[in-house]
Structures are given as C-alpha cells and as structure tokens.
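Engineer: Pasting in a structure now, in structure tokens, and then I'll have a few things to ask.
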Amino acid sequence: MPDTTASPVTVNGRTYRWMDRPLVVVCVDGCEPDYITQALEAGVAPYLRSLCERGTSLLGECVVPSFTNPNNLSIVTGAPPAVHGICGNYFYDTERNEEVMMNDARYLRAETILAQFARAGAKVAVVTAKDKLRALLGHNLRGICFSAEKADRATPAEHGIGDVLDRVGKPLPPVYSADLSEFVFAAGVSILERERPDLMYLSTTDYVQHKHAPGTPQANAFYAMMSGYLAQLDALGASVALTADHGMNAKTDAAGRAQIIFLQDWFDGELGSGKARVILPITDPYVVHHGSLGSFATCYLPGGADAQALGERLAALPGIACVLPREAAAARFELPPDRLGDLVILSQRLFVLGTAPGRHDLSSLDAPLRSHGGESEQAVPLLFNRSLRGVPPGRRLRNFDIFDLALNYCA
Ligand SMILES: [Zn+2]
C-alpha cells in the first residue's frame, strides 16, 4: 500500500500530493468530448455514465498543435511544450539540418511526473498503444513501461515486465486496430491486479476516432469496450482520471471530399520552387490514419523573405484560420520558439494543411478524412471517478492539469 504520509513531489514547478490509493490516468487519443456524450446517449457505456453522475466531468483544453506527442508529454510533465520541448510528432532539427521524428528522449527538456514519483518511491507503470511514445513517456522512469504495439518484445530487464501476451491473454494486436487500444486497457487491469502500482498511465491510439464520428456504431463500440475496462480498474480500488490528447473533426466538405490547402505549392508559387520549407508536425510513421494531413503547420522561409507580407497573403486564403510569426505563435501556444519555423499556420475546423499533392498518399484512407491539429480540436474531457473540491471557479483547465486535479483536488 502507498504510504499516505509520503511527502509531496514537485515536478516542473508544480507540487503533487502523494496518492491515497492507486491512481490511473488515462489519455484517450482523439477523444472529442462528443464521443463520450454519444456513447452515454446510446446507453452503451454505463461506467462512463456513472463517472458523470457520481464523479466529476469537466472540460479542458489541450495544447496546440493538437497532436499526440506534444499533448502526451504535456500531460505527463504537467507543463506546456515551452517547458518540455516536444512541440510536434515531427520537426525540423535546425542544428542537425534534418527533418526527424520527435520520438527520441534527447528532445525532451523536462522530467516527467511519472519518473519523479518513481524516484520518490512510488511503483509506476506506463502502457502506451504505439511504440513511438514509449521512449518519451518512459524517460528516466524506473518501473514498467511498454507499448501494446511491441508487447511481445517486452522484457523485465528493459520494460520492467515480461510475458505480456500470456498474462493479458490476447494475441499481439495489429497497429491499425481498435484492438491496439483494448490491449492497453486489458494490460492495465492485469497490472493493477498483480503489481498494484501507485501510479499508472495508459495511452491509447486514435485509429477509431480518425475513421468514425461520435455516435457511430464503431465509435460507440470502442467507448463501450473502454467503459468496461475502466469499471474493472475502479472495482480494483483505483482513482480513475481520464482526459484526451486532442479532439477530432471531419476535414471534408458536404460530399466528404478532403479540404486540403497545399502550403508547399503555395510558397513555391510565391518564392520559387523549394525556397521555403513546410513542416507538418502531424507526420508520423502511422500515415494510414490521416495521410499526414492536420490543421497545424510551420514554415521556414529563405533569408530576405518578407514574413509579414507572406503571412498576410496566406491568411487571406479560404480555410486558413490564422498565420503567426514564430515569437507570437510561441507566446500564444506556449511552444519552444527554437523549434518553430518563421511562420506558424493553422487551418479552420473543416480544413487541413498539406505540402504538395504528390506528397500525401490518401489511397489508404477508406473513410472521409477526420483529423486534428488546430484550435478547433482543443476541447477535451476531464473525467474523474471521484468528486473534486476546491478547484477555483473560472480557472482555465488544461489536459495537462489532470495529475494536479486528481492528486490535489480529489475529495
Ligand atoms: Zn493523438
């Protein structure tokens, strides 16, 4: 049992009380709040309904860009990307002059709440759906940390756990499947039963949310599944706290055609071919979901280019929400300026940003495009199986406040 007299733990300038029972924080990838509402309406998620009735349901805002890596890292550090440095799934490393995935812990500039609690003596476990997050979430962490994607390769020496498939009783799930997320929950229940961690972080994948709108049979089936596992975690005596890394919206016209603004083409037309470098931070190795199309982009301009004039012309295009110079974008969205281009571009709710038509393979998209990245996907749920006391009214809540709310305000 955790020692309830253990001292509070301070991480990135915020102090967290020691847990009075095991705390499970769940990040549901791409969980637009309406997914939960519609599952409740359909009557398929009784445990989620009970959270709303006897626990606490709040709305929060995620970090912009509303992408997976920046938000998962904000949640586990309790801080925005300006502090932890992870501002995309993908970025242009100007020091190395190469475009790289932001999966490596060398890009992380802050400690995680998970690692610091483990250092203070807590038993900590992390299960993530996709392996791309494992190194970042597990940075400096002494405890259990593995991905569902590579669950078959987890070893006690490297991941703090072995024989995962056997103990969960499920085969290795395909990476593009709802099963990948189900595996995360099933593993979480097994770990809570056997190892009884003080703190557990479960992070799913948005495969279902990219394909299926709230209230559809496939979406409701996903939330019904999740509701069942969360009920088991609750029955095992855990505090359950749920949020999302970002929301999700259709990015199509009424006919279901993707609304894409091709930025590299536009800058090539303005400045000449290849003079500007457009970076799409949604880019990751799992392109089947979204074809690397999202609502946030950044652009590096050649020396001497008139950033302000270009920004003004670009902002006038249909579907563009705003264009900001680097420093203004860093201030408004709490991002590290040294990892942004000269301009930051956001599209409106029904639009996404691309580079050039030939650089996006949409052939594997088998449903109208749904994606995220902008301010239109910033609303996320904050759900708790306990009442919260003393949260100042009017406080702006973020998804990265979830550890603070769960540990410092749960009655
Ligand atoms: Zn995500």
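Chain labels A, B, ... are given in the sequence in which chains occur in the structure tokens; within each chain residues are numbered consecutively from 1, and ligands are likewise numbered from 1 in the order shown.
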Would you please extract all strand (DSSP E) residues from region 3-238 of chain A, as assigned by DSSP on the backbone, and give them as a PyMOL selection string?
Structural biologist: chain A and resi 9-11+14-16+23-27+56-61+90-93+98-101+124-128+144-147+199-203
Engineer: List all protein, DNA and RNA residues that have any atom at most 8 Å from ligand 1, counting only C-alpha atoms and all ligand atoms, and write the list as a list of chain:residue names.
Structural biologist: A:Asp29, A:Gly30, A:Ser66, A:Phe67, A:Thr68, A:Asn69, A:Asn71, A:Thr205, A:Asp206, A:Ala244, A:Asp245, A:His246
Engineer: Can you tell me, as a list in words, what residues are no more than 12 Å from Asp179 (chain A) when counting only C-alpha atoms, ignoring any on the same chain fewer than 5 positions away?
Structural biologist: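 Non-adjacent residues within range: Ala129, Lys130, Ala148, Glu149, Lys170, Pro171, Leu172, Pro173, Pro174, Val184, Phe185, Ala186, Ala187, Thr204, Thr205, Asp206, Tyr207, Val208, Ala221, Phe222, Met225 and Met226 of chain A.
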Engineer: Can those selected residues be exported to a file as a short mmCIF file (atom, residue, chain, number, x, y, z; two decimals), in the first residue's frame so that it contains N, CA, C and O atoms?
Structural biologist:
data_model
loop_
_atom_site.label_atom_id
_atom_site.label_comp_id
_atom_site.auth_asym_id
_atom_site.auth_seq_id
_atom_site.Cartn_x
_atom_site.Cartn_y
_atom_site.Cartn_z
N ALA A 129 -0.21 2.62 -26.49
CA ALA A 129 -0.62 1.81 -27.64
C ALA A 129 0.53 1.74 -28.64
O ALA A 129 1.02 0.67 -28.97
N LYS A 130 0.97 2.91 -29.11
CA LYS A 130 2.01 2.94 -30.14
C LYS A 130 3.39 3.03 -29.51
O LYS A 130 3.61 3.78 -28.57
N ALA A 148 1.71 -1.56 -26.47
CA ALA A 148 0.90 -2.68 -26.97
C ALA A 148 1.44 -3.15 -28.32
O ALA A 148 1.47 -4.34 -28.61
N GLU A 149 1.90 -2.18 -29.11
CA GLU A 149 2.41 -2.50 -30.45
C GLU A 149 3.53 -3.52 -30.41
O GLU A 149 3.64 -4.38 -31.27
N LYS A 170 -4.15 -12.19 -24.72
CA LYS A 170 -4.55 -11.72 -26.05
C LYS A 170 -3.37 -11.82 -27.00
O LYS A 170 -2.23 -11.66 -26.57
N PRO A 171 -3.65 -12.03 -28.31
CA PRO A 171 -2.56 -12.01 -29.28
C PRO A 171 -2.05 -10.59 -29.49
O PRO A 171 -2.73 -9.63 -29.12
N LEU A 172 -0.88 -10.47 -30.09
CA LEU A 172 -0.34 -9.14 -30.39
C LEU A 172 -1.30 -8.43 -31.36
O LEU A 172 -1.61 -8.94 -32.43
N PRO A 173 -1.81 -7.25 -30.99
CA PRO A 173 -2.80 -6.59 -31.84
C PRO A 173 -2.16 -5.92 -33.05
O PRO A 173 -1.03 -5.46 -32.98
N PRO A 174 -2.88 -5.86 -34.19
CA PRO A 174 -2.37 -5.11 -35.34
C PRO A 174 -2.28 -3.62 -34.99
O PRO A 174 -3.08 -3.12 -34.19
N VAL A 184 -4.18 -2.09 -24.36
CA VAL A 184 -3.66 -1.18 -23.32
C VAL A 184 -4.50 -1.30 -22.06
O VAL A 184 -3.98 -1.42 -20.94
N PHE A 185 -5.83 -1.30 -22.23
CA PHE A 185 -6.71 -1.38 -21.05
C PHE A 185 -6.62 -2.75 -20.38
O PHE A 185 -6.58 -2.85 -19.15
N ALA A 186 -6.59 -3.81 -21.20
CA ALA A 186 -6.52 -5.16 -20.63
C ALA A 186 -5.22 -5.33 -19.85
O ALA A 186 -5.21 -5.91 -18.75
N ALA A 187 -4.13 -4.80 -20.41
CA ALA A 187 -2.85 -4.87 -19.70
C ALA A 187 -2.91 -4.05 -18.41
O ALA A 187 -2.39 -4.47 -17.37
N THR A 204 -3.91 5.51 -25.32
CA THR A 204 -4.45 4.70 -26.43
C THR A 204 -4.04 5.28 -27.78
O THR A 204 -3.22 6.19 -27.86
N THR A 205 -4.62 4.76 -28.86
CA THR A 205 -4.40 5.30 -30.20
C THR A 205 -5.73 5.73 -30.81
O THR A 205 -6.77 5.19 -30.47
N ASP A 206 -5.64 6.73 -31.73
CA ASP A 206 -6.87 7.31 -32.27
C ASP A 206 -7.30 6.68 -33.60
O ASP A 206 -7.97 7.32 -34.40
N TYR A 207 -6.93 5.44 -33.83
CA TYR A 207 -7.34 4.73 -35.05
C TYR A 207 -8.86 4.81 -35.25
O TYR A 207 -9.33 5.16 -36.32
N VAL A 208 -9.62 4.52 -34.22
CA VAL A 208 -11.10 4.53 -34.33
C VAL A 208 -11.60 5.95 -34.58
O VAL A 208 -12.44 6.19 -35.45
N ALA A 221 -18.96 1.30 -29.99
CA ALA A 221 -18.41 0.01 -29.56
C ALA A 221 -17.07 0.22 -28.84
O ALA A 221 -16.77 -0.43 -27.84
N PHE A 222 -16.27 1.17 -29.34
CA PHE A 222 -14.98 1.47 -28.71
C PHE A 222 -15.19 1.99 -27.28
O PHE A 222 -14.53 1.56 -26.33
N MET A 225 -16.36 -0.70 -24.93
CA MET A 225 -15.21 -1.52 -24.52
C MET A 225 -14.44 -0.81 -23.41
O MET A 225 -14.15 -1.37 -22.35
N MET A 226 -14.14 0.47 -23.65
CA MET A 226 -13.36 1.24 -22.68
C MET A 226 -14.08 1.33 -21.33
O MET A 226 -13.47 1.16 -20.27
#
Engineer: Can you list, as a PyMOL selection string, every protein, DNA or RNA residue that comes within 7 Å of Leu242 (chain A) when you count only C-alpha atoms, leaving out same-chain residues fewer than 3 positions away?
Structural biologist: chain A and resi 25-27+382-384
Engineer: Work out how far CA of Val278 (chain A) is from CA of Val323 (chain A), in Å to one decimal.
Structural biologist: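 These atoms are spaced 13.3 Å apart.
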Engineer: I need the residues in region 94-292 of chain A that are alpha helix (DSSP H) according to DSSP; give them as a ChimeraX atom specification.
Structural biologist: /A:113-119,134-137,156-159,164-168,178-194,207-211,217-235,263-271
Engineer: Emit the selected residues as a short mmCIF file (atom, residue, chain, number, x, y, z; two decimals), in the first residue's frame, including C-alpha atoms.
Structural biologist:
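Once written, selection.cif looks like this:
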data_model
loop_
_atom_site.label_atom_id
_atom_site.label_comp_id
_atom_site.auth_asym_id
_atom_site.auth_seq_id
_atom_site.Cartn_x
_atom_site.Cartn_y
_atom_site.Cartn_z
CA ILE A 113 5.68 13.30 -13.10
CA LEU A 114 5.91 9.54 -13.63
CA ALA A 115 9.70 9.39 -13.31
CA GLN A 116 9.77 11.75 -10.34
CA PHE A 117 7.17 9.78 -8.39
CA ALA A 118 9.11 6.60 -9.15
CA ARG A 119 12.25 8.30 -7.84
CA ARG A 134 7.39 4.70 -25.27
CA ALA A 135 10.83 6.30 -25.10
CA LEU A 136 9.41 9.73 -24.26
CA LEU A 137 6.89 8.53 -21.67
CA PRO A 156 11.78 -7.49 -17.40
CA ALA A 157 15.25 -6.03 -17.97
CA GLU A 158 14.21 -3.34 -20.44
CA HIS A 159 10.48 -2.80 -19.85
CA VAL A 164 2.84 -9.75 -21.56
CA LEU A 165 0.83 -11.62 -24.20
CA ASP A 166 0.44 -14.63 -21.91
CA ARG A 167 -0.64 -12.69 -18.90
CA VAL A 168 -3.05 -10.45 -20.84
CA ALA A 178 -9.21 -0.82 -32.07
CA ASP A 179 -7.60 -3.90 -30.51
CA LEU A 180 -4.36 -1.98 -30.01
CA SER A 181 -6.14 0.31 -27.55
CA GLU A 182 -8.10 -2.54 -25.98
CA PHE A 183 -4.80 -4.27 -25.28
CA VAL A 184 -3.66 -1.18 -23.32
CA PHE A 185 -6.71 -1.38 -21.05
CA ALA A 186 -6.52 -5.16 -20.63
CA ALA A 187 -2.85 -4.87 -19.70
CA GLY A 188 -3.69 -2.04 -17.29
CA VAL A 189 -6.23 -4.20 -15.47
CA SER A 190 -3.78 -7.08 -15.25
CA ILE A 191 -1.00 -4.84 -13.90
CA LEU A 192 -3.28 -3.20 -11.34
CA GLU A 193 -4.32 -6.65 -10.15
CA ARG A 194 -0.84 -8.13 -9.91
CA TYR A 207 -7.34 4.73 -35.05
CA VAL A 208 -11.10 4.53 -34.33
CA GLN A 209 -11.55 8.29 -33.93
CA HIS A 210 -9.83 9.05 -37.25
CA LYS A 211 -12.27 6.77 -39.04
CA PRO A 217 -21.73 2.08 -34.14
CA GLN A 218 -17.94 1.64 -34.38
CA ALA A 219 -17.22 4.61 -32.11
CA ASN A 220 -19.84 3.53 -29.59
CA ALA A 221 -18.41 0.01 -29.56
CA PHE A 222 -14.98 1.47 -28.71
CA TYR A 223 -16.35 3.51 -25.80
CA ALA A 224 -18.41 0.54 -24.58
CA MET A 225 -15.21 -1.52 -24.52
CA MET A 226 -13.36 1.24 -22.68
CA SER A 227 -16.18 1.71 -20.19
CA GLY A 228 -15.96 -1.97 -19.25
CA TYR A 229 -12.22 -1.86 -18.55
CA LEU A 230 -12.45 1.39 -16.59
CA ALA A 231 -15.14 -0.22 -14.43
CA GLN A 232 -12.68 -3.02 -13.65
CA LEU A 233 -9.96 -0.53 -12.69
CA ASP A 234 -12.46 1.21 -10.43
CA ALA A 235 -13.55 -2.08 -8.87
CA LEU A 263 1.25 25.01 -48.45
CA GLN A 264 4.47 23.94 -50.19
CA ASP A 265 2.81 24.59 -53.53
CA TRP A 266 1.66 27.99 -52.32
CA PHE A 267 5.09 29.03 -51.00
CA ASP A 268 6.76 27.66 -54.17
CA GLY A 269 4.45 29.91 -56.19
CA GLU A 270 5.37 32.92 -54.07
CA LEU A 271 9.10 32.36 -53.61
#
